[in-house]
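Engineer: Just one file: protein-v8.txt, with compact mmCIF, C-alpha atoms.
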# COMPACT_ATOMS: atom_id res chain seq x y z
CA MET J 782 -17.64 -30.50 -0.75
CA ARG J 783 -18.85 -28.67 -3.87
CA ALA J 784 -17.34 -30.02 -7.13
CA ARG J 785 -15.08 -27.67 -9.02
CA VAL J 786 -16.68 -26.04 -12.08
CA THR J 787 -14.80 -26.96 -15.24
CA ILE J 788 -14.21 -24.96 -18.40
CA SER J 789 -16.21 -27.60 -20.30
CA GLN J 790 -19.26 -26.88 -18.14
CA VAL J 791 -18.96 -23.16 -18.86
CA ALA J 792 -18.69 -23.91 -22.60
CA ASP J 793 -21.76 -26.20 -22.50
CA ALA J 794 -23.79 -23.53 -20.69
CA LEU J 795 -22.96 -21.00 -23.39
CA GLY J 796 -23.19 -23.34 -26.37
CA LEU J 797 -19.58 -22.56 -27.31
CA THR J 798 -16.54 -24.74 -27.81
CA LYS J 799 -14.14 -25.30 -24.97
CA GLY J 800 -11.36 -23.66 -27.02
CA THR J 801 -13.39 -20.49 -27.59
CA VAL J 802 -14.17 -20.18 -23.88
CA SER J 803 -10.51 -20.77 -22.98
CA ARG J 804 -9.32 -18.13 -25.42
CA ALA J 805 -11.95 -15.66 -24.23
CA LEU J 806 -10.96 -16.11 -20.59
CA ASN J 807 -7.28 -15.62 -21.44
CA GLY J 808 -7.82 -12.46 -23.45
CA TYR J 809 -6.87 -13.66 -26.91
CA PRO J 810 -7.41 -10.89 -29.51
CA ASP J 811 -9.20 -13.16 -32.02
CA ILE J 812 -12.20 -13.35 -29.67
CA SER J 813 -14.68 -10.49 -30.02
CA PRO J 814 -15.17 -8.16 -27.02
CA SER J 815 -18.86 -9.11 -26.76
CA THR J 816 -18.03 -12.84 -26.59
CA ARG J 817 -15.28 -12.18 -24.07
CA VAL J 818 -17.68 -10.28 -21.80
CA ARG J 819 -20.36 -12.97 -22.13
CA VAL J 820 -17.90 -15.76 -21.28
CA GLN J 821 -16.46 -13.90 -18.31
CA ALA J 822 -19.93 -13.16 -16.93
CA GLN J 823 -21.02 -16.80 -17.26
CA ALA J 824 -17.80 -18.05 -15.66
CA GLN J 825 -18.34 -15.70 -12.73
CA ARG J 826 -21.97 -16.78 -12.30
CA MET J 827 -20.96 -20.44 -12.25
CA GLY J 828 -18.01 -19.85 -9.91
CA TYR J 829 -15.41 -21.03 -12.40
CA ARG J 830 -11.79 -20.54 -11.37
CA PRO J 831 -8.86 -21.61 -13.60
CA LEU J 832 -6.27 -24.03 -12.28
CA ALA J 833 -3.23 -21.88 -11.62
CA GLN J 834 -0.69 -24.43 -12.82
CA ALA J 835 -2.52 -25.12 -16.08
CA GLN J 836 -3.00 -21.44 -16.76
CA ALA J 837 0.68 -20.74 -16.12
CA ILE J 838 1.64 -23.38 -18.70
CA ARG J 839 -0.82 -21.97 -21.29
CA THR J 840 -0.08 -18.29 -20.84
CA GLY J 841 3.41 -18.26 -19.38
CA ARG J 842 1.99 -16.40 -16.38
CA SER J 843 1.61 -17.42 -12.76
CA ARG J 844 -1.13 -14.83 -12.05
CA ALA J 845 0.90 -13.77 -9.03
CA ILE J 846 2.62 -10.51 -8.22
CA GLY J 847 5.70 -10.24 -6.06
CA LEU J 848 6.52 -8.04 -3.09
CA VAL J 849 9.94 -8.28 -1.42
CA LEU J 850 10.24 -6.48 1.92
CA GLN J 851 13.61 -5.17 3.03
CA THR J 852 14.70 -6.51 6.43
CA ASP J 853 17.95 -4.67 7.13
CA VAL J 854 16.29 -1.32 7.96
CA PRO J 855 14.57 -1.58 11.37
CA GLY J 856 10.90 -0.65 11.13
CA ALA J 857 11.19 0.48 7.50
CA GLN J 858 7.96 -1.26 6.43
CA ARG J 859 6.12 -1.47 9.75
CA PRO J 860 4.19 1.83 9.73
CA PHE J 861 2.08 0.81 6.77
CA LEU J 862 2.53 -2.92 6.30
CA SER J 863 -0.70 -4.52 7.58
CA ASP J 864 -3.05 -2.11 5.80
CA PHE J 865 -0.82 -2.10 2.71
CA LEU J 866 -0.94 -5.90 2.42
CA ALA J 867 -4.69 -5.94 3.05
CA GLY J 868 -5.20 -3.54 0.16
CA ILE J 869 -3.00 -5.55 -2.18
CA THR J 870 -4.54 -8.92 -1.40
CA ARG J 871 -8.12 -7.65 -1.65
CA ALA J 872 -7.48 -6.15 -5.09
CA LEU J 873 -5.70 -9.31 -6.26
CA SER J 874 -8.46 -11.60 -5.00
CA ALA J 875 -11.01 -9.63 -7.00
CA GLU J 876 -9.05 -10.53 -10.15
CA SER J 877 -8.19 -14.11 -9.08
CA TRP J 878 -4.52 -13.23 -8.65
CA THR J 879 -2.28 -14.03 -5.69
CA LEU J 880 0.60 -12.39 -3.83
CA THR J 881 4.08 -13.87 -3.54
CA LEU J 882 5.57 -12.26 -0.43
CA SER J 883 9.26 -12.54 0.40
CA THR J 884 11.87 -10.78 2.51
CA SER J 885 15.49 -9.93 1.93
CA PRO J 886 18.22 -7.62 3.13
CA GLY J 887 18.97 -4.76 0.79
CA GLY J 888 21.82 -4.45 -1.66
CA ALA J 889 22.99 -7.43 -3.70
CA GLU J 890 20.86 -9.92 -1.74
CA MET J 891 17.69 -8.02 -2.62
CA LEU J 892 18.57 -8.18 -6.32
CA THR J 893 19.35 -11.89 -6.06
CA THR J 894 15.95 -12.50 -4.45
CA LEU J 895 14.16 -10.66 -7.25
CA GLU J 896 16.06 -12.63 -9.90
CA ARG J 897 15.25 -15.93 -8.17
CA LEU J 898 11.52 -15.17 -8.01
CA VAL J 899 11.55 -14.32 -11.72
CA ASP J 900 13.54 -17.44 -12.65
CA GLU J 901 11.23 -19.67 -10.60
CA ARG J 902 8.17 -18.01 -12.17
CA LYS J 903 6.85 -17.11 -8.73
CA ALA J 904 5.69 -13.67 -9.90
CA ASP J 905 4.74 -11.99 -13.18
CA GLY J 906 5.67 -8.55 -11.88
CA PHE J 907 6.59 -6.68 -8.73
CA ILE J 908 5.50 -3.84 -6.49
CA LEU J 909 8.57 -1.92 -5.31
CA PRO J 910 7.86 -0.04 -2.06
CA ARG J 911 9.95 2.73 -0.48
CA THR J 912 11.74 3.77 -3.65
CA PHE J 913 15.31 5.01 -3.58
CA ALA J 914 16.40 8.03 -5.59
CA GLN J 915 18.71 5.67 -7.50
CA ASP J 916 16.85 2.38 -7.27
CA ALA J 917 18.83 -0.74 -8.21
CA ARG J 918 15.67 -2.89 -8.02
CA MET J 919 14.02 -0.78 -10.68
CA ARG J 920 17.08 -0.88 -12.92
CA LEU J 921 17.34 -4.68 -12.63
CA LEU J 922 13.69 -5.33 -13.50
CA ARG J 923 13.80 -2.81 -16.32
CA GLU J 924 16.85 -4.55 -17.80
CA MET J 925 15.14 -7.95 -17.42
CA ASP J 926 11.95 -6.60 -19.04
CA VAL J 927 9.92 -7.66 -16.00
CA PRO J 928 6.85 -5.50 -15.23
CA PHE J 929 6.90 -3.46 -12.02
CA VAL J 930 5.09 -0.58 -10.36
CA LEU J 931 6.80 1.76 -7.91
CA TYR J 932 5.27 2.88 -4.64
CA GLY J 933 6.99 6.22 -4.98
CA ARG J 934 8.98 7.92 -7.69
CA VAL J 935 12.61 7.86 -8.81
CA GLU J 936 15.04 10.34 -10.35
CA ASP J 937 15.13 8.39 -13.63
CA PRO J 938 11.48 7.75 -14.59
CA ASP J 939 12.11 6.08 -17.97
CA GLY J 940 9.99 2.94 -18.30
CA CYS J 941 8.49 3.34 -14.83
CA ALA J 942 4.91 3.10 -13.67
CA TRP J 943 4.05 4.35 -10.19
CA PHE J 944 1.55 5.26 -7.55
CA ASP J 945 2.68 7.84 -5.03
CA ILE J 946 1.38 10.16 -2.33
CA LEU J 947 2.37 13.80 -2.78
CA GLY J 948 4.47 14.18 0.35
CA GLU J 949 5.97 17.39 -1.00
CA ASP J 950 2.52 18.99 -1.01
CA ALA J 951 2.00 17.88 2.59
CA MET J 952 5.29 19.47 3.68
CA ARG J 953 4.34 22.72 1.96
CA ALA J 954 0.94 22.64 3.67
CA ALA J 955 2.59 21.96 7.04
CA VAL J 956 4.70 25.12 6.69
CA ALA J 957 1.59 27.08 5.72
CA ARG J 958 -0.29 25.81 8.78
CA LEU J 959 2.56 26.71 11.12
CA ALA J 960 2.98 30.12 9.49
CA GLY J 961 -0.74 30.64 10.06
CA HIS J 962 -0.17 29.97 13.75
CA GLY J 963 2.45 32.73 13.77
CA HIS J 964 5.67 30.70 13.57
CA THR J 965 8.57 32.17 11.60
CA ARG J 966 11.42 29.91 12.80
CA ILE J 967 10.47 26.48 11.48
CA GLY J 968 12.83 23.49 11.53
CA PHE J 969 12.75 20.37 9.38
CA VAL J 970 13.73 16.80 10.27
CA ASN J 971 14.02 14.66 7.16
CA GLY J 972 14.17 10.89 6.66
CA GLY J 973 16.94 8.86 5.07
CA THR J 974 18.52 10.76 2.22
CA GLU J 975 18.81 7.59 0.11
CA TYR J 976 15.01 7.52 -0.27
CA ASN J 977 13.43 9.55 -3.03
CA PHE J 978 10.60 10.67 -0.76
CA SER J 979 13.14 12.55 1.38
CA ARG J 980 14.30 14.56 -1.61
CA LEU J 981 10.73 15.42 -2.53
CA ARG J 982 9.60 16.28 1.00
CA GLU J 983 12.59 18.52 1.66
CA GLY J 984 11.85 20.29 -1.62
CA GLY J 985 8.25 20.78 -0.51
CA PHE J 986 9.36 22.16 2.85
CA LEU J 987 11.75 24.65 1.24
CA ALA J 988 9.07 25.70 -1.24
CA GLY J 989 6.78 26.34 1.72
CA LEU J 990 9.38 28.60 3.32
CA ASP J 991 9.81 30.49 0.05
CA SER J 992 6.08 31.02 -0.38
CA HIS J 993 5.93 32.77 3.00
CA GLY J 994 9.11 34.77 2.57
CA PHE J 995 10.98 32.81 5.24
CA PRO J 996 14.75 32.33 4.76
CA GLN J 997 16.11 28.87 4.03
CA ASP J 998 18.31 28.40 7.08
CA PRO J 999 20.46 25.23 6.82
CA THR J 1000 21.02 25.28 10.59
CA LEU J 1001 17.33 24.42 11.02
CA ILE J 1002 17.45 21.23 8.93
CA ARG J 1003 18.43 17.74 10.11
CA ARG J 1004 18.46 14.59 7.99
CA ASN J 1005 18.55 10.78 8.21
CA ALA J 1006 16.07 10.47 11.08
CA MET J 1007 13.98 7.33 10.53
CA THR J 1008 13.53 6.19 14.14
CA ARG J 1009 12.22 7.65 17.40
CA GLN J 1010 15.72 7.79 18.83
CA ALA J 1011 17.10 9.61 15.79
CA GLY J 1012 14.18 12.03 15.92
CA ALA J 1013 14.85 12.86 19.57
CA ALA J 1014 18.52 13.51 18.84
CA ALA J 1015 17.60 15.77 15.90
CA VAL J 1016 15.20 17.81 18.04
CA GLU J 1017 17.74 18.28 20.82
CA SER J 1018 20.30 19.37 18.24
CA LEU J 1019 17.90 21.89 16.68
CA LEU J 1020 16.90 23.35 20.02
CA ALA J 1021 20.57 23.82 20.93
CA GLU J 1022 21.03 26.23 17.99
CA PRO J 1023 21.53 29.93 18.87
CA GLY J 1024 18.21 30.72 17.20
CA PRO J 1025 16.15 27.57 17.79
CA PRO J 1026 12.93 26.85 15.92
CA THR J 1027 9.58 27.27 17.63
CA ALA J 1028 8.08 24.62 15.33
CA ILE J 1029 9.41 21.56 13.48
CA VAL J 1030 8.10 19.67 10.45
CA PHE J 1031 8.97 15.96 10.30
CA ALA J 1032 9.16 13.85 7.14
CA VAL J 1033 8.15 10.67 9.01
CA ASP J 1034 6.06 10.02 12.11
CA ALA J 1035 8.52 7.55 13.63
CA ALA J 1036 11.05 10.37 14.03
CA ALA J 1037 8.39 12.85 15.16
CA LEU J 1038 7.59 10.67 18.17
CA GLY J 1039 11.14 11.32 19.35
CA ALA J 1040 10.22 15.00 19.78
CA TYR J 1041 8.08 13.99 22.76
CA ASP J 1042 11.08 12.33 24.41
CA ALA J 1043 13.32 15.32 23.77
CA ALA J 1044 10.68 17.73 25.04
CA GLN J 1045 10.25 15.76 28.24
CA ARG J 1046 13.99 15.84 28.90
CA LEU J 1047 14.08 19.60 28.28
CA GLY J 1048 11.00 20.38 30.34
CA LEU J 1049 8.96 21.54 27.34
CA ARG J 1050 5.36 20.88 26.38
CA ILE J 1051 4.64 19.74 22.81
CA GLY J 1052 1.97 21.95 21.25
CA ARG J 1053 2.66 24.80 23.65
CA ASP J 1054 6.42 25.37 23.85
CA LEU J 1055 7.22 23.51 20.64
CA SER J 1056 4.87 22.77 17.73
CA ILE J 1057 5.34 19.76 15.50
CA ILE J 1058 3.60 18.46 12.36
CA SER J 1059 4.53 15.19 10.71
CA TYR J 1060 3.67 12.74 7.95
CA ASP J 1061 2.56 9.08 7.75
CA GLY J 1062 -0.39 8.76 10.11
CA ILE J 1063 0.89 5.76 12.06
CA PRO J 1064 -1.39 4.63 14.94
CA GLU J 1065 1.23 5.45 17.61
CA GLY J 1066 0.75 9.13 16.83
CA GLY J 1067 -2.71 8.98 18.36
CA PHE J 1068 -1.49 7.63 21.69
CA VAL J 1069 1.06 10.30 22.65
CA ASP J 1070 0.07 13.37 24.68
CA PRO J 1071 -0.98 15.53 22.97
CA PRO J 1072 -1.87 13.48 19.87
CA LEU J 1073 0.34 14.11 16.85
CA THR J 1074 -0.86 16.38 14.06
CA THR J 1075 0.08 14.42 10.96
CA PHE J 1076 -0.66 13.93 7.29
CA HIS J 1077 -2.26 10.50 7.09
CA VAL J 1078 -1.59 8.12 4.18
CA ASP J 1079 -4.29 5.61 3.24
CA SER J 1080 -2.00 2.59 2.91
CA ARG J 1081 -4.87 0.19 2.21
CA MET J 1082 -5.99 2.27 -0.77
CA ALA J 1083 -2.39 2.60 -1.97
CA GLY J 1084 -1.84 -1.16 -1.86
CA ALA J 1085 -5.02 -1.82 -3.80
CA ARG J 1086 -4.21 0.76 -6.46
CA LEU J 1087 -0.67 -0.54 -6.90
CA ALA J 1088 -1.98 -4.08 -7.42
CA GLU J 1089 -4.51 -2.87 -9.99
CA LEU J 1090 -1.89 -0.87 -11.89
CA LEU J 1091 0.55 -3.78 -11.88
CA ILE J 1092 -2.03 -6.17 -13.35
CA ARG J 1093 -2.60 -3.65 -16.13
CA ARG J 1094 1.16 -3.31 -16.64
CA ILE J 1095 1.56 -7.09 -16.87
CA GLY J 1096 -1.28 -7.08 -19.37
CA GLY J 1097 0.73 -4.82 -21.67
CA ALA J 1098 -0.23 -1.26 -20.72
CA ALA J 1099 2.58 1.25 -21.29
CA PRO J 1100 4.22 2.39 -18.04
CA GLU J 1101 3.81 6.04 -18.98
CA THR J 1102 0.02 5.56 -18.84
CA LEU J 1103 0.22 4.10 -15.32
CA ARG J 1104 1.43 7.04 -13.25
CA GLU J 1105 -0.88 8.20 -10.49
CA THR J 1106 -0.59 10.35 -7.37
CA ALA J 1107 -2.86 11.17 -4.45
CA GLU J 1108 -2.90 13.59 -1.53
CA ALA J 1109 -2.31 12.81 2.13
CA ASP J 1110 -5.08 13.75 4.56
CA LEU J 1111 -4.26 16.13 7.45
CA ARG J 1112 -5.37 14.77 10.81
CA VAL J 1113 -5.17 17.45 13.45
CA GLY J 1114 -3.98 16.50 16.92
CA GLY J 1115 -2.77 18.79 19.66
CA SER J 1116 0.92 18.91 18.74
CA ASP J 1117 0.81 22.25 16.91
CA GLY J 1118 -0.36 25.71 17.86
CA PRO J 1119 0.79 29.32 18.23
CA PRO J 1120 4.36 30.06 19.38
CA ALA J 1121 4.93 30.23 23.13
CA HIS J 1122 4.14 33.72 24.42
CA ARG J 1123 6.88 33.75 27.03
CA SER J 1124 9.75 33.47 24.57
CA GLU J 1125 12.34 34.67 27.13
CA ALA J 1126 11.39 31.93 29.57
CA LEU J 1127 11.44 29.41 26.72
CA ALA J 1128 14.91 30.54 25.73
CA ARG J 1129 16.12 30.10 29.29
CA MET J 1130 14.72 26.57 29.38
CA LEU J 1131 16.39 25.72 26.12
CA SER J 1132 19.76 26.99 27.29
CA ALA J 1133 19.62 25.15 30.59
CA PRO J 1134 21.19 21.68 30.79
CA PRO J 1135 18.70 18.82 30.97
CA THR J 1136 17.83 17.64 34.47
CA THR J 1137 18.65 14.12 35.58
CA ASP J 1138 17.12 12.08 38.36
Can you turn what I pasted into structure tokens?
Structural biologist:
Amino acid sequence: MRARVTISQVADALGLTKGTVSRALNGYPDISPSTRVRVQAQAQRMGYRPLAQAQAIRTGRSRAIGLVLQTDVPGAQRPFLSDFLAGITRALSAESWTLTLSTSPGGAEMLTTLERLVDERKADGFILPRTFAQDARMRLLREMDVPFVLYGRVEDPDGCAWFDILGEDAMRAAVARLAGHGHTRIGFVNGGTEYNFSRLREGGFLAGLDSHGFPQDPTLIRRNAMTRQAGAAAVESLLAEPGPPTAIVFAVDAAALGAYDAAQRLGLRIGRDLSIISYDGIPEGGFVDPPLTTFHVDSRMAGARLAELLIRRIGGAAPETLRETAEADLRVGGSDGPPAHRSEALARMLSAPPTTD
């Protein structure tokens, strides 16, 4: 087994004192930038890695970031989790940092978990995924003066750094695509209203209607659909309206998959009798027939960028300088197209009760 490279060996190789090398590696301001770069390059060449426990005692840092996943919302993290974690851990490894991963129900237990991880010095800062419009996690960490970066945005941005995907732009683009197909009656199925992304995506959808001169019809909007079952119920409810939509935009893919179940029960064909466009890009969308047209989010890239921003935030960067957004990428399936030509036959199908075996 190869012997561990020590800080003394790095110092000897450079002809510097051990103290100078230590201070250079830990970013002390009394070390010149040129010396700091030279020390870091030599340490990397020699394969030097600091002992985590010793570094934590010297700097007061664990060189770990925290991520607490919420467990009381079924499937809330699943659509993006594996790629998201891969992005985080790869970015952290490049900087010799680690990830402290924990789980907790929401509410008071989530806040207790965050406090415990801070008290036990298990993390120097936190990534907060799936932000709420009024996010108690953010308020707690802000009051404790603990660095954090949001995966999303919040209504009160004071003291917040974030990385977010512009879901509102995707919803606006979805309306434009459907209008281009010839649809004028477009429904919207939103996610949980407690999440800030739902507020933004509904705003984007309504802005899309406005830009095409379509009325904002509240009878064509359903909310709080985060699962396939809830999505199916929302679609059946929309299609039971006196003037049903010919196309539906979904805020999340998990709910959009329910449209396929509803369509099957009603004897309709997705992409022909009913067009749908969604958002997330989960793999399951590629396995339905026809494949789901969706705005794909690069969760691996998002995880990496959040980790990089959080390290900078822990290092003292102002949160207002750490606010970044990116666009989702439209991946066209077969779930959207022109409105059905035989609208009278479609109306009859929609008004008929579902068949049962």
Engineer: Given all atoms listed in the file as the basis, pick out the residue of J:Gly968, J:Gly933, J:Gly973, J:Gly1012 nearest to Pro999 in chain J.
Structural biologist: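 Distance minimum relative to Pro999 in chain J lands on J:Gly968.
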Engineer: Mind giving me the straight-line distance from CA of Thr1008 in chain J to CA of Asp937 in chain J in Å, one decimal?
Structural biologist: 27.9 Å
Engineer: Which residues are close to Pro928 in chain J, i.e. within 10 Å by only C-alpha atoms, leaving aside same-chain residues fewer than 4 positions away? Reply as JSON, numbers by chain.
Structural biologist: {"J": [846, 904, 905, 906, 907, 908, 919, 922, 923, 940, 941, 942, 1091, 1092, 1093, 1094, 1095, 1096, 1097, 1098, 1100]}
Engineer: List the spatial neighbours of Leu1111 in chain J as an mmCIF file with C-alpha atoms, keeping the file's coordinate frame - criterion: any atom at most 12 Å away, only C-alpha atoms, same-chain residues fewer than 3 positions off excluded.
Structural biologist:
data_model
loop_
_atom_site.group_PDB
_atom_site.id
_atom_site.type_symbol
_atom_site.label_atom_id
_atom_site.label_comp_id
_atom_site.auth_asym_id
_atom_site.auth_seq_id
_atom_site.Cartn_x
_atom_site.Cartn_y
_atom_site.Cartn_z
ATOM 1 C CA GLY J 948 4.470 14.180 0.350
ATOM 2 C CA ASP J 950 2.520 18.990 -1.010
ATOM 3 C CA ALA J 951 2.000 17.880 2.590
ATOM 4 C CA MET J 952 5.290 19.470 3.680
ATOM 5 C CA ALA J 954 0.940 22.640 3.670
ATOM 6 C CA ALA J 955 2.590 21.960 7.040
ATOM 7 C CA ARG J 958 -0.290 25.810 8.780
ATOM 8 C CA ILE J 1058 3.600 18.460 12.360
ATOM 9 C CA SER J 1059 4.530 15.190 10.710
ATOM 10 C CA TYR J 1060 3.670 12.740 7.950
ATOM 11 C CA ASP J 1061 2.560 9.080 7.750
ATOM 12 C CA GLY J 1062 -0.390 8.760 10.110
ATOM 13 C CA LEU J 1073 0.340 14.110 16.850
ATOM 14 C CA THR J 1074 -0.860 16.380 14.060
ATOM 15 C CA THR J 1075 0.080 14.420 10.960
ATOM 16 C CA PHE J 1076 -0.660 13.930 7.290
ATOM 17 C CA HIS J 1077 -2.260 10.500 7.090
ATOM 18 C CA VAL J 1078 -1.590 8.120 4.180
ATOM 19 C CA ASP J 1079 -4.290 5.610 3.240
ATOM 20 C CA GLU J 1108 -2.900 13.590 -1.530
ATOM 21 C CA GLY J 1114 -3.980 16.500 16.920
#
Engineer: Counting all atoms listed in the file, which residues in range 1014-1058 of chain J sit no more than 10 Å from range 984-994 of chain J? For each one, give the nearest pair of atoms and the distance in Å, sorted by chain then residue number, as a tab-separated table.
Structural biologist:
residue	atom	partner	partner_atom	distance
J:Val1030	CA	J:Phe986	CA	8.1
J:Phe1031	CA	J:Phe986	CA	9.7
J:Ala1032	CA	J:Phe986	CA	9.4
Engineer: How far is it from CA of Leu1049 in chain J to CA of Ser979 in chain J, in Å with one decimal?
Structural biologist: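 Interatomic distance here is 27.8 Å.
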Engineer: Measure the distance from CA of Thr884 in chain J to CA of Gln851 in chain J in Å and round it to one decimal.
Structural biologist: 5.9 Å
Engineer: Looking at all atoms listed in the file, which of J:Leu1038, J:Leu866, J:Ile1051, J:Ala1011 is the one that sits closest to Pro1064 in chain J?
Structural biologist: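 Of all the options, J:Leu1038 lies closest to Pro1064 in chain J.
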Engineer: Which one is closest to Leu1055 in chain J: J:Gly1067, J:Gly1024, J:Pro1119, J:Gly1084? Count all atoms listed in the file.
Structural biologist: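 Of J:Gly1067, J:Gly1024, J:Pro1119, J:Gly1084, the one nearest Leu1055 in chain J, counting all atoms listed in the file, is J:Pro1119.
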Engineer: I need the residue nearest Leu931 in chain J from this list: J:Leu848, J:Ala794, J:Ala867, J:Leu806. Use all atoms listed in the file for the distance.
Structural biologist: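 Closest residue, counting all atoms listed in the file: J:Leu848.
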Engineer: With distances taken over all atoms listed in the file, which residue among J:Ala1037, J:Thr965, J:Glu1065, J:Asn807 lies nearest Pro1025 in chain J?
Structural biologist: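 Result for the nearest residue to Pro1025 in chain J: J:Thr965.
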Engineer: Please identify all polymer residues within 10 Å of Glu1017 in chain J, counting all atoms listed in the file, omitting same-chain residues fewer than 5 positions from it, and present them as a list in words.
Structural biologist: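 My reading of the contact set: Gly1012, Glu1022, Pro1025, Gly1039, Ala1040, Asp1042, Ala1043, Ala1044, Arg1046, Leu1047 and Leu1131 of chain J.
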Engineer: When you count all atoms listed in the file, which of these residues is closest to Ser1080 in chain J: J:Val1113, J:Ala917, J:Ala1099, J:Leu862?
Structural biologist: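 Closest residue, counting all atoms listed in the file: J:Leu862.
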Engineer: Identify, on the basis of only C-alpha atoms, every residue whose closest approach to Ala1028 in chain J does not exceed 8 Å; exclude the query and any residue fewer than 2 positions from it along the same chain; express the result as a count of residues only.
Structural biologist: 12
